[in-house]
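Have a look at the structure below, then the notes.
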Amino acid sequence: MAQPGPGSSEEAPPAAKKRRLAVSERYVPPPRKLNHGVSFGPEHFAETSYYFEGGLRKVRPYYFDFRTYCKGRWVGRSLLHVFSTEFRAQPISYYRAAARAGRLRLNEQPVEDLDIVLKNNDFLRNTVHRHEPPVTSQPIQILVENEEMVVVDKPSSLPVHPCGRFRHNTVIFILGKEHQLKELHTIHRLDRMTSGVLMFAKNVQVSKRIDEQIRERQLEKEYVCRVVGEFPKQEVVCEEPILVVSYKVGVCRVDPKGRPCKTIFQRLSYNGRSSVVRCLPLTGRTHQIRVHLQFLGHPIVNDPIYNMEAWGPSRGKGGHVEKTNEELLKDLLQEHQAKQSLDDLEGPRKGFEDSVKELEDSMKVAEDPEKKDMEGCPLSSTSNLEMLGRNQGLGFCENQDEPMEEKSPEEKNLGEKSPEEKNLGEKDPLCMECRMRRRDPSPQDLVMFLHALRYKGADFEFCSKMPQWAMEDWDG
């Protein structure tokens, strides 16, 4: 039986101080501020390894510690009650088995009884068998590297930094593991499905300098995308305000109550079915380009959120969405699950009603984008819609694919493990995902036709190549 490996926490829990306790009193150590900065070392990169298969980059399953301090709403409640009401992705039987296996720890002491009542400052650690979704095998191209910055051409499907279900399949980890580029400071972010120019600073001073340019709107950004239909030949300026419907899910809409923003569009080509459009966002709102294109009636061809029937007959054109935010999120979830239903070839699947309830519950605590989930990750508006219906939290092992087929020589990575090493830790008796089979996405499924083509500041300008789908003679 595979045993959990060492924890992957970036900082140790608070050290316990010895003092006299009453017979019935349970000692809770004093709190210690956790460091949420992005800083990873060799021990983190060594948690697992990559392998390549069918045009995809995959991560071998590994053991990982989710950590959190007791949230205010949990104080006075039992662990059993918290698990049964807030972390329903697994049955209570799973948590009981995890406790028996020593995978649940409270203030670094094994949890023997789920009826234990939580107190303020309690530190909870949960060891899970973690699976990450595959991403494209397209390599990250380094455009520029000097003493101040690293600039890359990010492929679609890769998150910038660890968040949600992704950790090793992120730009930060791949750069650290494969290019020895560590301690990078994020200057700006691209949505997971957006490709193109992505900048990192090598020190705090450079990061602050460019951040100041961004605040003063001295940074010029140019994107290119392929949209539905024949986009107007003349320049189009859209200044519709954008409102975030859900930070956790990452859905926005045009709304008078939203924040002001402005995007300039110019058509580059039209092939009879779709248009390539140049986009100049003059502000930096969440999903700004995608939402404005939807409003104009020309959503991005393969946009997994803003080109869906859930928005209504006009698909959000002109801001006409005759639904409340809650109704819209439910319908987006339902349509997404219907499209993904063939991905589950066997194994349990949560009902749609339960998933909606979880989504509604999460919305109650997701109003503030700075709030943290169990993974220490902001409830980010860049989350893809596929997060819907999948509870993120305590003890939930995420999506991975099985079985592993024989790889061609060119698909094998340099760090290939021996058969004995390969099987170690890849199967876990408590992990539901280990008993499931999922169909791999095709590499084409992992591309959205939106690309950051150029970023220009006061003292720099970085450009990437025009993607293949943006070529005038492209016929896809």
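Chain labels A, B, ... are given in the sequence in which chains occur in the structure tokens; within each chain residues are numbered consecutively from 1, and ligands are likewise numbered from 1 in the order shown.
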For this session: Write out as an MDAnalysis selection string all residues of segment 138-348 of chain A that DSSP puts in alpha helix (DSSP H) for this structure's backbone.
Result: chainID A and resid 171:179 204:215 288:295 325:340
Within 6 Å of segment 447-462 of chain A: each segment 164-233 of chain A residue with its shortest pair, only C-alpha atoms, as JSON lines:
{"residue": "A:Met193", "atom": "CA", "partner": "A:Met448", "partner_atom": "CA", "distance": 5.7}
{"residue": "A:Thr194", "atom": "CA", "partner": "A:Leu450", "partner_atom": "CA", "distance": 5.4}
{"residue": "A:Ser195", "atom": "CA", "partner": "A:His451", "partner_atom": "CA", "distance": 4.7}
{"residue": "A:Gly196", "atom": "CA", "partner": "A:Ala452", "partner_atom": "CA", "distance": 4.3}
{"residue": "A:Val197", "atom": "CA", "partner": "A:Ala452", "partner_atom": "CA", "distance": 5.4}
{"residue": "A:Leu219", "atom": "CA", "partner": "A:Gly457", "partner_atom": "CA", "distance": 4.7}
{"residue": "A:Glu220", "atom": "CA", "partner": "A:Lys456", "partner_atom": "CA", "distance": 5.0}
{"residue": "A:Lys221", "atom": "CA", "partner": "A:Tyr455", "partner_atom": "CA", "distance": 4.8}
{"residue": "A:Glu222", "atom": "CA", "partner": "A:Arg454", "partner_atom": "CA", "distance": 5.0}
{"residue": "A:Tyr223", "atom": "CA", "partner": "A:Ala452", "partner_atom": "CA", "distance": 4.4}
{"residue": "A:Val224", "atom": "CA", "partner": "A:His451", "partner_atom": "CA", "distance": 5.4}
{"residue": "A:Cys225", "atom": "CA", "partner": "A:Leu450", "partner_atom": "CA", "distance": 4.4}
{"residue": "A:Arg226", "atom": "CA", "partner": "A:Phe449", "partner_atom": "CA", "distance": 5.6}
Write out, as an mmCIF file, in the first residue's frame, the residues just selected, with all heavy atoms.
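Below you can see again_38.cif, which holds the result:
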data_model
loop_
_atom_site.group_PDB
_atom_site.id
_atom_site.type_symbol
_atom_site.label_atom_id
_atom_site.label_comp_id
_atom_site.auth_asym_id
_atom_site.auth_seq_id
_atom_site.Cartn_x
_atom_site.Cartn_y
_atom_site.Cartn_z
ATOM 1 N N MET A 193 -6.602 30.079 -20.641
ATOM 2 C CA MET A 193 -6.806 29.708 -22.033
ATOM 3 C C MET A 193 -6.255 30.735 -23.019
ATOM 4 O O MET A 193 -6.334 30.530 -24.230
ATOM 5 C CB MET A 193 -8.303 29.486 -22.291
ATOM 6 C CG MET A 193 -8.899 28.320 -21.526
ATOM 7 S SD MET A 193 -8.132 26.733 -21.929
ATOM 8 C CE MET A 193 -8.762 26.493 -23.595
ATOM 9 N N THR A 194 -5.701 31.830 -22.526
ATOM 10 C CA THR A 194 -5.110 32.850 -23.387
ATOM 11 C C THR A 194 -3.628 32.582 -23.550
ATOM 12 O O THR A 194 -2.929 32.293 -22.579
ATOM 13 C CB THR A 194 -5.322 34.257 -22.791
ATOM 14 O OG1 THR A 194 -6.721 34.477 -22.609
ATOM 15 C CG2 THR A 194 -4.772 35.327 -23.716
ATOM 16 N N SER A 195 -3.132 32.696 -24.768
ATOM 17 C CA SER A 195 -1.713 32.494 -25.042
ATOM 18 C C SER A 195 -1.032 33.834 -25.267
ATOM 19 O O SER A 195 -1.675 34.869 -25.349
ATOM 20 C CB SER A 195 -1.544 31.603 -26.285
ATOM 21 O OG SER A 195 -2.175 32.198 -27.416
ATOM 22 N N GLY A 196 0.311 33.807 -25.364
ATOM 23 C CA GLY A 196 1.025 35.002 -25.771
ATOM 24 C C GLY A 196 2.026 35.538 -24.771
ATOM 25 O O GLY A 196 2.481 34.832 -23.855
ATOM 26 N N VAL A 197 2.374 36.816 -24.949
ATOM 27 C CA VAL A 197 3.444 37.469 -24.202
ATOM 28 C C VAL A 197 3.104 37.529 -22.716
ATOM 29 O O VAL A 197 2.066 38.055 -22.318
ATOM 30 C CB VAL A 197 3.696 38.888 -24.737
ATOM 31 C CG1 VAL A 197 4.730 39.608 -23.872
ATOM 32 C CG2 VAL A 197 4.154 38.844 -26.194
ATOM 33 N N LEU A 219 1.339 51.267 -20.181
ATOM 34 C CA LEU A 219 1.602 49.982 -20.820
ATOM 35 C C LEU A 219 0.637 49.786 -21.985
ATOM 36 O O LEU A 219 -0.580 49.820 -21.802
ATOM 37 C CB LEU A 219 1.454 48.848 -19.805
ATOM 38 C CG LEU A 219 1.920 47.461 -20.253
ATOM 39 C CD1 LEU A 219 3.425 47.441 -20.456
ATOM 40 C CD2 LEU A 219 1.515 46.412 -19.226
ATOM 41 N N GLU A 220 1.166 49.602 -23.183
ATOM 42 C CA GLU A 220 0.351 49.342 -24.366
ATOM 43 C C GLU A 220 0.241 47.827 -24.563
ATOM 44 O O GLU A 220 1.251 47.121 -24.564
ATOM 45 C CB GLU A 220 0.969 49.982 -25.605
ATOM 46 C CG GLU A 220 1.026 51.494 -25.564
ATOM 47 C CD GLU A 220 1.643 52.060 -26.829
ATOM 48 O OE1 GLU A 220 1.739 51.306 -27.831
ATOM 49 O OE2 GLU A 220 2.037 53.238 -26.816
ATOM 50 N N LYS A 221 -0.985 47.360 -24.751
ATOM 51 C CA LYS A 221 -1.226 45.933 -24.933
ATOM 52 C C LYS A 221 -1.952 45.713 -26.252
ATOM 53 O O LYS A 221 -2.913 46.418 -26.572
ATOM 54 C CB LYS A 221 -2.072 45.386 -23.775
ATOM 55 C CG LYS A 221 -1.414 45.527 -22.411
ATOM 56 C CD LYS A 221 -2.352 45.138 -21.285
ATOM 57 C CE LYS A 221 -3.429 46.194 -21.071
ATOM 58 N NZ LYS A 221 -4.291 45.886 -19.915
ATOM 59 N N GLU A 222 -1.497 44.729 -26.989
ATOM 60 C CA GLU A 222 -2.134 44.393 -28.265
ATOM 61 C C GLU A 222 -2.403 42.895 -28.302
ATOM 62 O O GLU A 222 -1.497 42.082 -28.100
ATOM 63 C CB GLU A 222 -1.244 44.793 -29.439
ATOM 64 C CG GLU A 222 -1.845 44.444 -30.787
ATOM 65 C CD GLU A 222 -0.932 44.834 -31.948
ATOM 66 O OE1 GLU A 222 0.054 45.560 -31.702
ATOM 67 O OE2 GLU A 222 -1.210 44.403 -33.086
ATOM 68 N N TYR A 223 -3.651 42.548 -28.546
ATOM 69 C CA TYR A 223 -4.064 41.152 -28.651
ATOM 70 C C TYR A 223 -4.620 40.893 -30.049
ATOM 71 O O TYR A 223 -4.992 41.819 -30.770
ATOM 72 C CB TYR A 223 -5.161 40.824 -27.625
ATOM 73 C CG TYR A 223 -4.700 40.756 -26.187
ATOM 74 C CD1 TYR A 223 -4.301 41.896 -25.503
ATOM 75 C CD2 TYR A 223 -4.677 39.546 -25.505
ATOM 76 C CE1 TYR A 223 -3.882 41.841 -24.184
ATOM 77 C CE2 TYR A 223 -4.270 39.474 -24.182
ATOM 78 C CZ TYR A 223 -3.869 40.629 -23.529
ATOM 79 O OH TYR A 223 -3.462 40.565 -22.222
ATOM 80 N N VAL A 224 -4.692 39.622 -30.395
ATOM 81 C CA VAL A 224 -5.334 39.226 -31.638
ATOM 82 C C VAL A 224 -6.244 38.046 -31.328
ATOM 83 O O VAL A 224 -5.944 37.226 -30.449
ATOM 84 C CB VAL A 224 -4.277 38.858 -32.714
ATOM 85 C CG1 VAL A 224 -3.487 37.623 -32.301
ATOM 86 C CG2 VAL A 224 -4.926 38.652 -34.062
ATOM 87 N N CYS A 225 -7.374 37.970 -32.006
ATOM 88 C CA CYS A 225 -8.331 36.884 -31.751
ATOM 89 C C CYS A 225 -9.076 36.553 -33.037
ATOM 90 O O CYS A 225 -9.043 37.310 -34.011
ATOM 91 C CB CYS A 225 -9.319 37.280 -30.654
ATOM 92 S SG CYS A 225 -10.335 38.712 -31.060
ATOM 93 N N ARG A 226 -9.734 35.412 -33.046
ATOM 94 C CA ARG A 226 -10.605 35.026 -34.163
ATOM 95 C C ARG A 226 -12.031 34.936 -33.632
ATOM 96 O O ARG A 226 -12.301 34.210 -32.678
ATOM 97 C CB ARG A 226 -10.175 33.692 -34.775
ATOM 98 C CG ARG A 226 -11.032 33.305 -35.992
ATOM 99 C CD ARG A 226 -10.470 32.112 -36.738
ATOM 100 N NE ARG A 226 -9.284 32.438 -37.520
ATOM 101 C CZ ARG A 226 -9.310 32.976 -38.741
ATOM 102 N NH1 ARG A 226 -10.475 33.262 -39.316
ATOM 103 N NH2 ARG A 226 -8.179 33.213 -39.385
#
For this session: Enumerate, as a PyMOL selection string, the complete set of residues in segment 96-284 of chain A that a backbone-based DSSP assignment places in strand (DSSP E).
Result: chain A and resi 104-106+109-110+123-130+135-136+141-145+149-154+185-186+195-201+220-228+236-238+242-246+251-254+263-270+274-281
Exercise. Which polymer residues have any atom within 8 Å of an atom of Gly176 of chain A, counting only C-alpha atoms, with same-chain residues fewer than 5 positions away left out, as a PyMOL selection string?
Worked result: chain A and resi 45+181-182
Can those selected residues be exported to a file as a PDB file, in the first residue's frame so that it contains C-alpha atoms?
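Below is the file part-v1.pdb, written as the result:
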ATOM      1  CA  PHE A  45       9.679  20.852  -7.829  1.00  0.00           C
ATOM      2  CA  LEU A 181      14.155  30.137 -13.519  1.00  0.00           C
ATOM      3  CA  LYS A 182      13.101  30.562  -9.910  1.00  0.00           C
TER       4      LYS A 182
END
Exercise. Near segment 138-151 of chain A, within 9 Å and counting only C-alpha atoms, which residues show up once chain neighbours fewer than 6 positions away are dropped, as a count of residues only?
Worked result: 20
For this session: Could you give me, as a PyMOL selection string, the residues within 10 Å of His292 of chain A, counting only C-alpha atoms and dropping anything in the same chain fewer than 6 positions from it?
Result: chain A and resi 237-242+253-254+261-265+298-299+306+316-319
Problem set entry | Shortest interatomic distance to Arg290 of chain A - which of A:Gln266, A:Cys252, A:Pro29, A:His336, counting only C-alpha atoms | A:Cys252
Exercise. Can you list, as JSON, numbers by chain, every protein, DNA or RNA residue that comes within 7 Å of segment 72-86 of chain A when you count only C-alpha atoms, leaving out same-chain residues fewer than 4 positions away?
Worked result: {"A": [92, 114, 115, 116, 117, 118, 119, 120]}
Exercise. Please, what distance in Å, to one decimal, runs between atom CA of Arg167 of chain A and atom CA of Gln180 of chain A?
Worked result: 16.5 Å
